[in-house]
Amino acid sequence: MSQLDDLLLKKRIIITAGTGGVGKTTLSAALAIRAALLGKRVIVLTIDPARRLATSLGVEALEHEPSDLSDALSGEIEKIDPLRMPADIRMHEGKLNGSLAALMPDTTKTFEDFAAELAPNEDVEKRILENPIFRIFAREYSGANEYMALQRLNALSRLSQYDCIIVDTPPSRNTLAFLDAPELLARFFEEKLIKWLVLPSNRLLSGGMRKALSLLEKLTGTGFMRHLFDFASSIFEVREPFLRNLRGITRLLQSEQTCFLLVSTPTPDVADEVQLFIRSIQEHGFHFEGVALNRCLSSIPFTSQDLDEASDDEKEALDLFARLQAREAQAAERLVSSSKKGMIYVKLPELARDVHSMGDLVHVALALSPQSQPPAR
Amino acid sequence: MKTTLFSETLQRKLLFVHGKGGVGKTAVARALATLFSKQEKSTLYVTFDDPTRAPGELKRVNSSLSELNAAAGVSFEEYIDLKLGGGALTRLFTHNKLIQYLAEAAPGMKELVLLGKIWHEAKQHDRVIVDMPSTGHAVAMFQSTENFARLFTGGPIQKDASAMLDTFHDPNFTGHLVVALPEEMPLIEALELNSLLGRFFPENPCGFVLNKRFPRVSSDLPPPDEWKSPVAASATDYVRRRSILEQENVKIWEEKGIQYLELPFLSPPEPGKPDFTSEALCTEMRQRQ
């Protein structure tokens with residue numbers, strides 16, 4: 001059994017991270033399919049604001065609630081020659097043993113569910129939902145997607161119907177923000193910062209704090225300050241369940257059942273990127289498992305025959321191809337020599353066509369197996 | 001679909017370079033900065049939170065070109081300094097624990113501050129080229145500015161946020177360029193980005209740049225839909241397929257009547273040798289200007 005399959009079988013939550021344009025969304029979907037082929041009951045969740053998972057899975061749109069894709073996957077598997085199926089894929093009389101579902105959390109909906117869950121009564125819930133600050137931040141592209149995606153992951157993890165959750169994240173520089181989200185929120189409560197916004201404007205406020213708040217009001221307007229105080233006092237009422245919840249998310253991310261995979265392409269800076277990523281993952285107390293290099297040209301055979309038979313325009317293209325292949329070999333070598341032993345290292349071939357159907361994704365999922373052969377043309 | 005010609009966007013003072021990750025936004029933005037600085041225009045290239053540089057670092061490259069690594073923390077203090085007149089008041093405000101917390105954790109605050117910095121810089125230079133974060137987060141930057149323009153009721157921040165949006169909407173001042181690769185997803189995302197930005201700036205449509213077009217190869221292969229597998233059998237097979245595929249893909253734009261600037265796939269720099277990609281792209285741009 002490959003290291004990767006071992007991981008898919010053992011871990012409950014696998015989080016993929018990486019900069020944009022590396023095929024992270026495609027890989028997440030392919031990992032989910034592979035885990036389903038291995039017999040797991042899988043759900044794949046995307047928080048990529050660019051919404052690419054739906055297209056890759058060949059469906060119109062993904063919803064806030066899970067869409068079951070098991071039948072679509074079973075249909076595709078039946079089309080595949082059983083001889084090409086890797087030995088470790090566990091089929092049950094030619095049928096899919098596991099299940100596959102996908103979802104994309106809706107920021108506003110998650111916020112609303114969250115408020116309803118935490119609020120001690122309808123009055124507090126209503127006050128939170130109607131506050132203009134809440135309403136604006138609960139909209140898409142308002143910078144709160146990361147907080148809420150973690151919240152959705154937390155809710156999903158409590159459901160027993162999924163034994164494997166694959167999480168596709170926004171591009172790398174934002175992944176770090178994504179990881180910091182629970183801690184940042186907890187600070188608001190733990191360092192008692194919120195109390196300054198909740199205390200009635202009386203003499204309990206120190207002179208400095210009173211001055212700072214009055215400057216804030218000067219900069220942002222009285223209407224906003226009123227909403228801010230109102231928002232803070234509603235949140236203050238739910239601080240205990242809120243903090244419990246945040247601690248739950250941190251525990252979930254740090255637990256042994258959760259791991260992180262970095263997705264990248266074989267370009268010269270990959271080794272440094274991996275080191276940087278491992279460091280920040282470890283600072284958070286999370287578990288790093290390995291790297292998946294996508295769009296590798298090294299798996300495409302390039303021989304002297306290619307050059308001998310090439311036309312002039314092909315020669316120019318092949319020359320570029322050769323340079324790209326050479327750069328990739330160097331990048332991969334540097335990555336492997338700078339990495340620790342035991343790290344999962346998966347190489348995925350560059351595809352000659354974009355992936356946009358379940359059938360194509362099954363091809364990629366099967367290519368994740370070291371035993372699999374490239375399919376016939 | 002409404003678009004702006006590339007050559008037309010070059011007349012604008014402030015240029016936002018947008019696109020999905022990995023499309024070569026940085027190379028294109030740098031090439032533009034090189035282009036303008038060679039014309040002796042005072043040019044500023046802006047990137048965000050580059051981990052290899054100090055936050056807020058301003059580097060003078062030559063007499064006409066500077067590079068800024070914009071960072072929200074630094075820009076926030078600068079802005080408050082500007083608004084509160086500096087000195088003890090600014091210190092009291094920016095050193096306050098609660099204010100520091102809100103500046104860091106309030107969703108969209110960093111985005112607002114960073115765009116505010118660009119807005120400010122655009123008035124100080126002949127050209128400002130902004131290497132934007134990838135698609136979803138670029139939209140989040142404008143969305144946040146709009147959010148605060150609405151949330152803050154009066155006061156200088158609200159006024160500035162509204163003025164920023166007006167500036168970014170003004171086709172006489174600001175240009176939005178979207179860069180894509182000749183691949184299906186990036187091409188579609190570029191169209192989506194154009195319509196998302198159109199929600200904020202309906203009168204200022206994007207200009208389009210197609211980057212990294214692979215050398216064209218003629219062959220008698222069938223169209224991509226008829227290929228059995230997405231995997232190439234040999235290098236020759238790959239370059240042939242890639243040529244056909246790219247030709248098919250760019251139809252996504254061409255069928256919508258989009259005019260775009262096409263840039264070639266340049267050879268990667270040799271290991272250990274300096275990277276001349278942006279100079280080469282600059283030459284390509286000048287030829288097509």
# chains A, B, ... in the order shown; residues from 1 in each chain; ligands from 1
>>> closest_atom_pairs(of="chain B", to="chain A", cutoff="7 Å", atoms="only C-alpha atoms", output="tab-separated table")
residue	atom	partner	partner_atom	distance
B:Lys20	CA	A:Gly20	CA	6.6
B:Gly21	CA	A:Gly20	CA	3.9
B:Gly22	CA	A:Gly21	CA	4.6
B:Leu92	CA	A:Ala212	CA	6.7
B:Phe93	CA	A:Ala212	CA	5.2
B:Asn96	CA	A:Ala212	CA	6.9
B:Leu98	CA	A:Leu193	CA	5.8
B:Ala105	CA	A:Leu184	CA	6.6
B:Pro107	CA	A:Gly143	CA	4.8
B:Gly108	CA	A:Gly143	CA	5.1
B:Thr135	CA	A:Ala50	CA	6.9
B:Gly136	CA	A:Pro49	CA	5.2
B:Val139	CA	A:Tyr141	CA	6.6
B:Ala140	CA	A:Tyr141	CA	4.4
B:Gln143	CA	A:Ser142	CA	6.2
B:Ser144	CA	A:Ser142	CA	5.7
B:Asn147	CA	A:Ile136	CA	6.6
B:Leu151	CA	A:Phe224	CA	6.3
B:Phe152	CA	A:Thr220	CA	5.0
B:Thr153	CA	A:Gly221	CA	4.7
B:Gly154	CA	A:Gly221	CA	4.9
B:Gly155	CA	A:Leu219	CA	5.0
B:Pro156	CA	A:Leu219	CA	5.6
B:Ile157	CA	A:Leu219	CA	6.0
B:Gln158	CA	A:Thr220	CA	6.8
B:Glu184	CA	A:Asp354	CA	6.6
B:Pro215	CA	A:Ala317	CA	5.3
B:Arg216	CA	A:Asp313	CA	6.9
B:Val217	CA	A:Asp313	CA	5.5
B:Lys228	CA	A:Arg377	CA	6.1
B:Ser229	CA	A:Arg377	CA	6.0
B:Pro230	CA	A:Arg353	CA	5.1
B:Val231	CA	A:Leu351	CA	5.1
B:Ala232	CA	A:Ala352	CA	5.9
B:Ala233	CA	A:Ile300	CA	6.4
B:Ser234	CA	A:Pro301	CA	4.9
B:Ala235	CA	A:Phe302	CA	5.0
B:Thr236	CA	A:Asp306	CA	5.8
B:Tyr238	CA	A:Ala352	CA	6.4
B:Val239	CA	A:Ala317	CA	6.3
B:Arg241	CA	A:Ala352	CA	6.3
B:Arg242	CA	A:Ala352	CA	6.2
B:Leu245	CA	A:Arg353	CA	7.0
B:Ser267	CA	A:Leu320	CA	6.1
B:Pro268	CA	A:Leu324	CA	7.0
>>> residues_around(residues="B:Ala54", least_positions_apart="6", cutoff="10 Å", atoms="only C-alpha atoms", output="NGL selection string")
:B and (68-71)
>>> write_last_selection(atoms="all heavy atoms", output="PDB file, in the first residue's frame")
ATOM      1  N   LEU B  68       7.462  48.897  -3.784  1.00  0.00           N
ATOM      2  CA  LEU B  68       6.935  48.959  -2.423  1.00  0.00           C
ATOM      3  C   LEU B  68       6.355  47.607  -2.034  1.00  0.00           C
ATOM      4  O   LEU B  68       5.566  47.029  -2.782  1.00  0.00           O
ATOM      5  CB  LEU B  68       5.835  50.029  -2.348  1.00  0.00           C
ATOM      6  CG  LEU B  68       5.029  50.083  -1.036  1.00  0.00           C
ATOM      7  CD1 LEU B  68       5.893  50.594   0.102  1.00  0.00           C
ATOM      8  CD2 LEU B  68       3.797  50.963  -1.193  1.00  0.00           C
ATOM      9  N   ASN B  69       6.758  47.088  -0.868  1.00  0.00           N
ATOM     10  CA  ASN B  69       6.129  45.886  -0.331  1.00  0.00           C
ATOM     11  C   ASN B  69       5.094  46.350   0.695  1.00  0.00           C
ATOM     12  O   ASN B  69       5.385  46.495   1.883  1.00  0.00           O
ATOM     13  CB  ASN B  69       7.185  44.986   0.326  1.00  0.00           C
ATOM     14  CG  ASN B  69       6.585  43.744   0.938  1.00  0.00           C
ATOM     15  OD1 ASN B  69       5.566  43.228   0.453  1.00  0.00           O
ATOM     16  ND2 ASN B  69       7.170  43.262   2.017  1.00  0.00           N
ATOM     17  N   ALA B  70       3.881  46.620   0.219  1.00  0.00           N
ATOM     18  CA  ALA B  70       2.860  47.215   1.088  1.00  0.00           C
ATOM     19  C   ALA B  70       2.445  46.232   2.179  1.00  0.00           C
ATOM     20  O   ALA B  70       2.251  45.048   1.926  1.00  0.00           O
ATOM     21  CB  ALA B  70       1.643  47.624   0.263  1.00  0.00           C
ATOM     22  N   ALA B  71       2.344  46.727   3.406  1.00  0.00           N
ATOM     23  CA  ALA B  71       1.940  45.897   4.539  1.00  0.00           C
ATOM     24  C   ALA B  71       0.907  46.672   5.344  1.00  0.00           C
ATOM     25  O   ALA B  71       1.082  47.869   5.607  1.00  0.00           O
ATOM     26  CB  ALA B  71       3.147  45.551   5.399  1.00  0.00           C
TER      27      ALA B  71
END
>>> select_by_dssp(residues="stretch 107-225 of chain B", states="strand (DSSP E)", output="PyMOL selection string")
chain B and resi 127-131+174-180+207-213
>>> residues_around(residues="B:Lys251", least_positions_apart="3", cutoff="12 Å", atoms="only C-alpha atoms", output="PDB file with N, CA and C atoms, in the first residue's frame")
ATOM      1  N   PRO B 182      -3.512  30.534 -21.450  1.00  0.00           N
ATOM      2  CA  PRO B 182      -4.418  29.933 -22.438  1.00  0.00           C
ATOM      3  C   PRO B 182      -4.957  28.588 -21.962  1.00  0.00           C
ATOM      4  N   GLU B 183      -5.405  28.521 -20.719  1.00  0.00           N
ATOM      5  CA  GLU B 183      -5.998  27.316 -20.146  1.00  0.00           C
ATOM      6  C   GLU B 183      -7.437  27.644 -19.798  1.00  0.00           C
ATOM      7  N   GLU B 184      -8.251  26.606 -19.790  1.00  0.00           N
ATOM      8  CA  GLU B 184      -9.689  26.824 -19.652  1.00  0.00           C
ATOM      9  C   GLU B 184     -10.071  27.591 -18.384  1.00  0.00           C
ATOM     10  N   LEU B 187      -8.979  31.278 -18.156  1.00  0.00           N
ATOM     11  CA  LEU B 187      -9.704  32.111 -19.128  1.00  0.00           C
ATOM     12  C   LEU B 187     -11.122  32.401 -18.629  1.00  0.00           C
ATOM     13  N   ILE B 188     -11.772  31.365 -18.072  1.00  0.00           N
ATOM     14  CA  ILE B 188     -13.126  31.551 -17.561  1.00  0.00           C
ATOM     15  C   ILE B 188     -13.105  32.447 -16.327  1.00  0.00           C
ATOM     16  N   ILE B 244      -3.103  22.579 -30.015  1.00  0.00           N
ATOM     17  CA  ILE B 244      -4.534  22.463 -30.364  1.00  0.00           C
ATOM     18  C   ILE B 244      -5.409  22.933 -29.211  1.00  0.00           C
ATOM     19  N   LEU B 245      -5.037  22.501 -28.021  1.00  0.00           N
ATOM     20  CA  LEU B 245      -5.833  22.838 -26.844  1.00  0.00           C
ATOM     21  C   LEU B 245      -5.867  24.351 -26.614  1.00  0.00           C
ATOM     22  N   GLU B 246      -4.719  24.997 -26.743  1.00  0.00           N
ATOM     23  CA  GLU B 246      -4.680  26.445 -26.502  1.00  0.00           C
ATOM     24  C   GLU B 246      -5.527  27.184 -27.529  1.00  0.00           C
ATOM     25  N   GLN B 247      -5.457  26.683 -28.784  1.00  0.00           N
ATOM     26  CA  GLN B 247      -6.255  27.296 -29.841  1.00  0.00           C
ATOM     27  C   GLN B 247      -7.749  27.184 -29.522  1.00  0.00           C
ATOM     28  N   GLU B 248      -8.143  25.998 -29.004  1.00  0.00           N
ATOM     29  CA  GLU B 248      -9.535  25.793 -28.596  1.00  0.00           C
ATOM     30  C   GLU B 248      -9.888  26.702 -27.425  1.00  0.00           C
ATOM     31  N   GLU B 254     -12.428  34.729 -27.477  1.00  0.00           N
ATOM     32  CA  GLU B 254     -12.672  35.271 -28.819  1.00  0.00           C
ATOM     33  C   GLU B 254     -14.151  35.270 -29.173  1.00  0.00           C
ATOM     34  N   GLU B 255     -14.862  34.221 -28.724  1.00  0.00           N
ATOM     35  CA  GLU B 255     -16.291  34.165 -29.021  1.00  0.00           C
ATOM     36  C   GLU B 255     -17.063  35.285 -28.342  1.00  0.00           C
ATOM     37  N   LYS B 256     -16.482  35.854 -27.303  1.00  0.00           N
ATOM     38  CA  LYS B 256     -17.129  36.986 -26.635  1.00  0.00           C
ATOM     39  C   LYS B 256     -16.617  38.318 -27.169  1.00  0.00           C
ATOM     40  N   GLY B 257     -15.822  38.253 -28.229  1.00  0.00           N
ATOM     41  CA  GLY B 257     -15.331  39.472 -28.862  1.00  0.00           C
ATOM     42  C   GLY B 257     -14.287  40.202 -28.044  1.00  0.00           C
ATOM     43  N   ILE B 258     -13.590  39.467 -27.167  1.00  0.00           N
ATOM     44  CA  ILE B 258     -12.601  40.126 -26.324  1.00  0.00           C
ATOM     45  C   ILE B 258     -11.302  40.348 -27.085  1.00  0.00           C
ATOM     46  N   GLN B 259     -10.809  41.591 -27.042  1.00  0.00           N
ATOM     47  CA  GLN B 259      -9.516  41.879 -27.644  1.00  0.00           C
ATOM     48  C   GLN B 259      -8.483  41.795 -26.544  1.00  0.00           C
ATOM     49  N   TYR B 260      -7.371  41.135 -26.843  1.00  0.00           N
ATOM     50  CA  TYR B 260      -6.391  40.943 -25.781  1.00  0.00           C
ATOM     51  C   TYR B 260      -4.975  41.083 -26.307  1.00  0.00           C
TER      52      TYR B 260
END
>>> residues_around(residues="B:Glu284", least_positions_apart="6", cutoff="10 Å", atoms="only C-alpha atoms", output="number ranges by chain")
B: 31, 261-264, 278
>>> residues_around(residues="B:Lys13", least_positions_apart="6", cutoff="10 Å", atoms="only C-alpha atoms", output="mmCIF file with N, CA and C atoms, in the first residue's frame")
data_model
loop_
_atom_site.group_PDB
_atom_site.id
_atom_site.type_symbol
_atom_site.label_atom_id
_atom_site.label_comp_id
_atom_site.auth_asym_id
_atom_site.auth_seq_id
_atom_site.Cartn_x
_atom_site.Cartn_y
_atom_site.Cartn_z
ATOM 1 N N THR B 43 7.740 55.851 -11.584
ATOM 2 C CA THR B 43 6.902 54.659 -11.509
ATOM 3 C C THR B 43 7.067 53.950 -10.172
ATOM 4 N N ALA B 122 -0.827 56.785 -5.597
ATOM 5 C CA ALA B 122 -1.148 57.082 -6.993
ATOM 6 C C ALA B 122 -1.068 58.581 -7.267
ATOM 7 N N LYS B 123 -1.270 59.371 -6.224
ATOM 8 C CA LYS B 123 -1.218 60.826 -6.425
ATOM 9 C C LYS B 123 0.225 61.343 -6.454
ATOM 10 N N HIS B 125 2.922 59.709 -7.950
ATOM 11 C CA HIS B 125 3.758 59.202 -9.041
ATOM 12 C C HIS B 125 3.082 59.397 -10.394
ATOM 13 N N ASP B 126 3.887 59.242 -11.453
ATOM 14 C CA ASP B 126 3.293 59.271 -12.797
ATOM 15 C C ASP B 126 2.525 57.980 -13.062
ATOM 16 N N ARG B 127 3.096 56.859 -12.576
ATOM 17 C CA ARG B 127 2.453 55.563 -12.793
ATOM 18 C C ARG B 127 2.598 54.696 -11.534
ATOM 19 N N VAL B 128 1.493 54.049 -11.145
ATOM 20 C CA VAL B 128 1.567 53.071 -10.060
ATOM 21 C C VAL B 128 1.007 51.749 -10.588
ATOM 22 N N ILE B 129 1.819 50.694 -10.507
ATOM 23 C CA ILE B 129 1.429 49.373 -11.011
ATOM 24 C C ILE B 129 1.233 48.465 -9.800
ATOM 25 N N PRO B 171 -12.190 55.834 -15.424
ATOM 26 C CA PRO B 171 -11.360 55.316 -16.519
ATOM 27 C C PRO B 171 -10.290 56.303 -16.987
ATOM 28 N N ASN B 172 -10.376 57.557 -16.559
ATOM 29 C CA ASN B 172 -9.316 58.491 -16.935
ATOM 30 C C ASN B 172 -8.121 58.374 -16.004
ATOM 31 N N PHE B 173 -8.313 57.674 -14.886
ATOM 32 C CA PHE B 173 -7.246 57.598 -13.890
ATOM 33 C C PHE B 173 -6.759 56.165 -13.681
ATOM 34 N N THR B 174 -7.714 55.233 -13.590
ATOM 35 C CA THR B 174 -7.391 53.857 -13.194
ATOM 36 C C THR B 174 -7.699 52.853 -14.299
ATOM 37 N N GLY B 175 -6.800 51.872 -14.457
ATOM 38 C CA GLY B 175 -7.049 50.777 -15.379
ATOM 39 C C GLY B 175 -7.001 49.448 -14.637
#
>>> atom_distance(atom1="atom CA of B:Ile99", atom2="atom CA of A:Gly248")
27.1 Å
>>> select_by_dssp(residues="stretch 44-263 of chain B", states="alpha helix (DSSP H)", output="number ranges by chain")
B: 72-84, 88-94, 97-105, 109-122, 135-151, 156-169, 184-200, 235-249, 251-254
>>> residues_around(residues="B:Asn204", least_positions_apart="3", cutoff="8 Å", atoms="only C-alpha atoms", output="count of residues only")
8
>>> residues_around(residues="A:Asp68", least_positions_apart="4", cutoff="12 Å", atoms="only C-alpha atoms", output="PDB file with N, CA and C atoms, in the first residue's frame")
ATOM      1  N   ARG A  41     -16.149   6.777   3.506  1.00  0.00           N
ATOM      2  CA  ARG A  41     -17.307   7.643   3.273  1.00  0.00           C
ATOM      3  C   ARG A  41     -16.786   9.077   3.326  1.00  0.00           C
ATOM      4  N   VAL A  42     -16.653   9.686   2.151  1.00  0.00           N
ATOM      5  CA  VAL A  42     -15.877  10.923   2.008  1.00  0.00           C
ATOM      6  C   VAL A  42     -16.745  12.137   1.726  1.00  0.00           C
ATOM      7  N   ILE A  43     -16.329  13.260   2.283  1.00  0.00           N
ATOM      8  CA  ILE A  43     -16.899  14.531   1.852  1.00  0.00           C
ATOM      9  C   ILE A  43     -15.751  15.490   1.552  1.00  0.00           C
ATOM     10  N   VAL A  44     -15.866  16.232   0.445  1.00  0.00           N
ATOM     11  CA  VAL A  44     -14.839  17.220   0.120  1.00  0.00           C
ATOM     12  C   VAL A  44     -15.466  18.606   0.209  1.00  0.00           C
ATOM     13  N   LEU A  57     -15.962  18.709 -10.531  1.00  0.00           N
ATOM     14  CA  LEU A  57     -16.772  17.529 -10.250  1.00  0.00           C
ATOM     15  C   LEU A  57     -17.870  17.340 -11.297  1.00  0.00           C
ATOM     16  N   VAL A  59     -20.457  19.199 -11.901  1.00  0.00           N
ATOM     17  CA  VAL A  59     -21.814  19.624 -11.545  1.00  0.00           C
ATOM     18  C   VAL A  59     -21.934  21.142 -11.686  1.00  0.00           C
ATOM     19  N   LEU A  62     -22.158  23.808  -6.308  1.00  0.00           N
ATOM     20  CA  LEU A  62     -22.146  23.107  -5.028  1.00  0.00           C
ATOM     21  C   LEU A  62     -22.896  23.963  -4.022  1.00  0.00           C
ATOM     22  N   GLU A  63     -23.573  23.305  -3.119  1.00  0.00           N
ATOM     23  CA  GLU A  63     -24.433  24.025  -2.186  1.00  0.00           C
ATOM     24  C   GLU A  63     -23.819  24.007  -0.794  1.00  0.00           C
ATOM     25  N   ALA A  72     -22.764   9.212  -9.500  1.00  0.00           N
ATOM     26  CA  ALA A  72     -21.972   9.710 -10.626  1.00  0.00           C
ATOM     27  C   ALA A  72     -20.606   9.028 -10.649  1.00  0.00           C
ATOM     28  N   LEU A  73     -20.023   8.850  -9.471  1.00  0.00           N
ATOM     29  CA  LEU A  73     -18.712   8.202  -9.393  1.00  0.00           C
ATOM     30  C   LEU A  73     -18.806   6.724  -9.784  1.00  0.00           C
ATOM     31  N   SER A  74     -19.826   6.036  -9.259  1.00  0.00           N
ATOM     32  CA  SER A  74     -20.010   4.614  -9.613  1.00  0.00           C
ATOM     33  C   SER A  74     -20.132   4.446 -11.118  1.00  0.00           C
ATOM     34  N   GLY A  98     -17.211   2.785  -0.930  1.00  0.00           N
ATOM     35  CA  GLY A  98     -17.391   3.981  -0.116  1.00  0.00           C
ATOM     36  C   GLY A  98     -18.438   4.905  -0.684  1.00  0.00           C
ATOM     37  N   SER A  99     -18.399   6.171  -0.261  1.00  0.00           N
ATOM     38  CA  SER A  99     -19.338   7.148  -0.809  1.00  0.00           C
ATOM     39  C   SER A  99     -18.625   8.483  -0.985  1.00  0.00           C
ATOM     40  N   LEU A 100     -19.205   9.333  -1.836  1.00  0.00           N
ATOM     41  CA  LEU A 100     -18.577  10.615  -2.131  1.00  0.00           C
ATOM     42  C   LEU A 100     -19.612  11.738  -2.078  1.00  0.00           C
ATOM     43  N   ALA A 101     -19.286  12.789  -1.336  1.00  0.00           N
ATOM     44  CA  ALA A 101     -20.153  13.970  -1.291  1.00  0.00           C
ATOM     45  C   ALA A 101     -19.274  15.213  -1.349  1.00  0.00           C
ATOM     46  N   ALA A 102     -19.865  16.342  -1.712  1.00  0.00           N
ATOM     47  CA  ALA A 102     -19.105  17.593  -1.786  1.00  0.00           C
ATOM     48  C   ALA A 102     -19.981  18.751  -1.363  1.00  0.00           C
ATOM     49  N   LEU A 103     -19.356  19.796  -0.836  1.00  0.00           N
ATOM     50  CA  LEU A 103     -20.123  21.000  -0.504  1.00  0.00           C
ATOM     51  C   LEU A 103     -19.238  22.227  -0.534  1.00  0.00           C
ATOM     52  N   TYR A 162     -19.580  10.785   7.880  1.00  0.00           N
ATOM     53  CA  TYR A 162     -18.363  10.905   7.068  1.00  0.00           C
ATOM     54  C   TYR A 162     -17.150  10.450   7.869  1.00  0.00           C
TER      55      TYR A 162
END
>>> atom_distance(atom1="atom CA of B:Gly73", atom2="atom CA of B:Gly56")
8.3 Å
>>> atom_distance(atom1="atom CA of B:Glu104", atom2="atom CA of B:Ser75")
12.1 Å
>>> closest_residue(among="B:Ala180, B:Asp275, B:Val23, B:Ser42", to="B:Gln124", atoms="only C-alpha atoms")
B:Ser42
>>> closest_residue(among="A:Lys11, A:Lys340, A:Lys24, A:Arg226", to="A:Val274", atoms="only C-alpha atoms")
A:Lys340
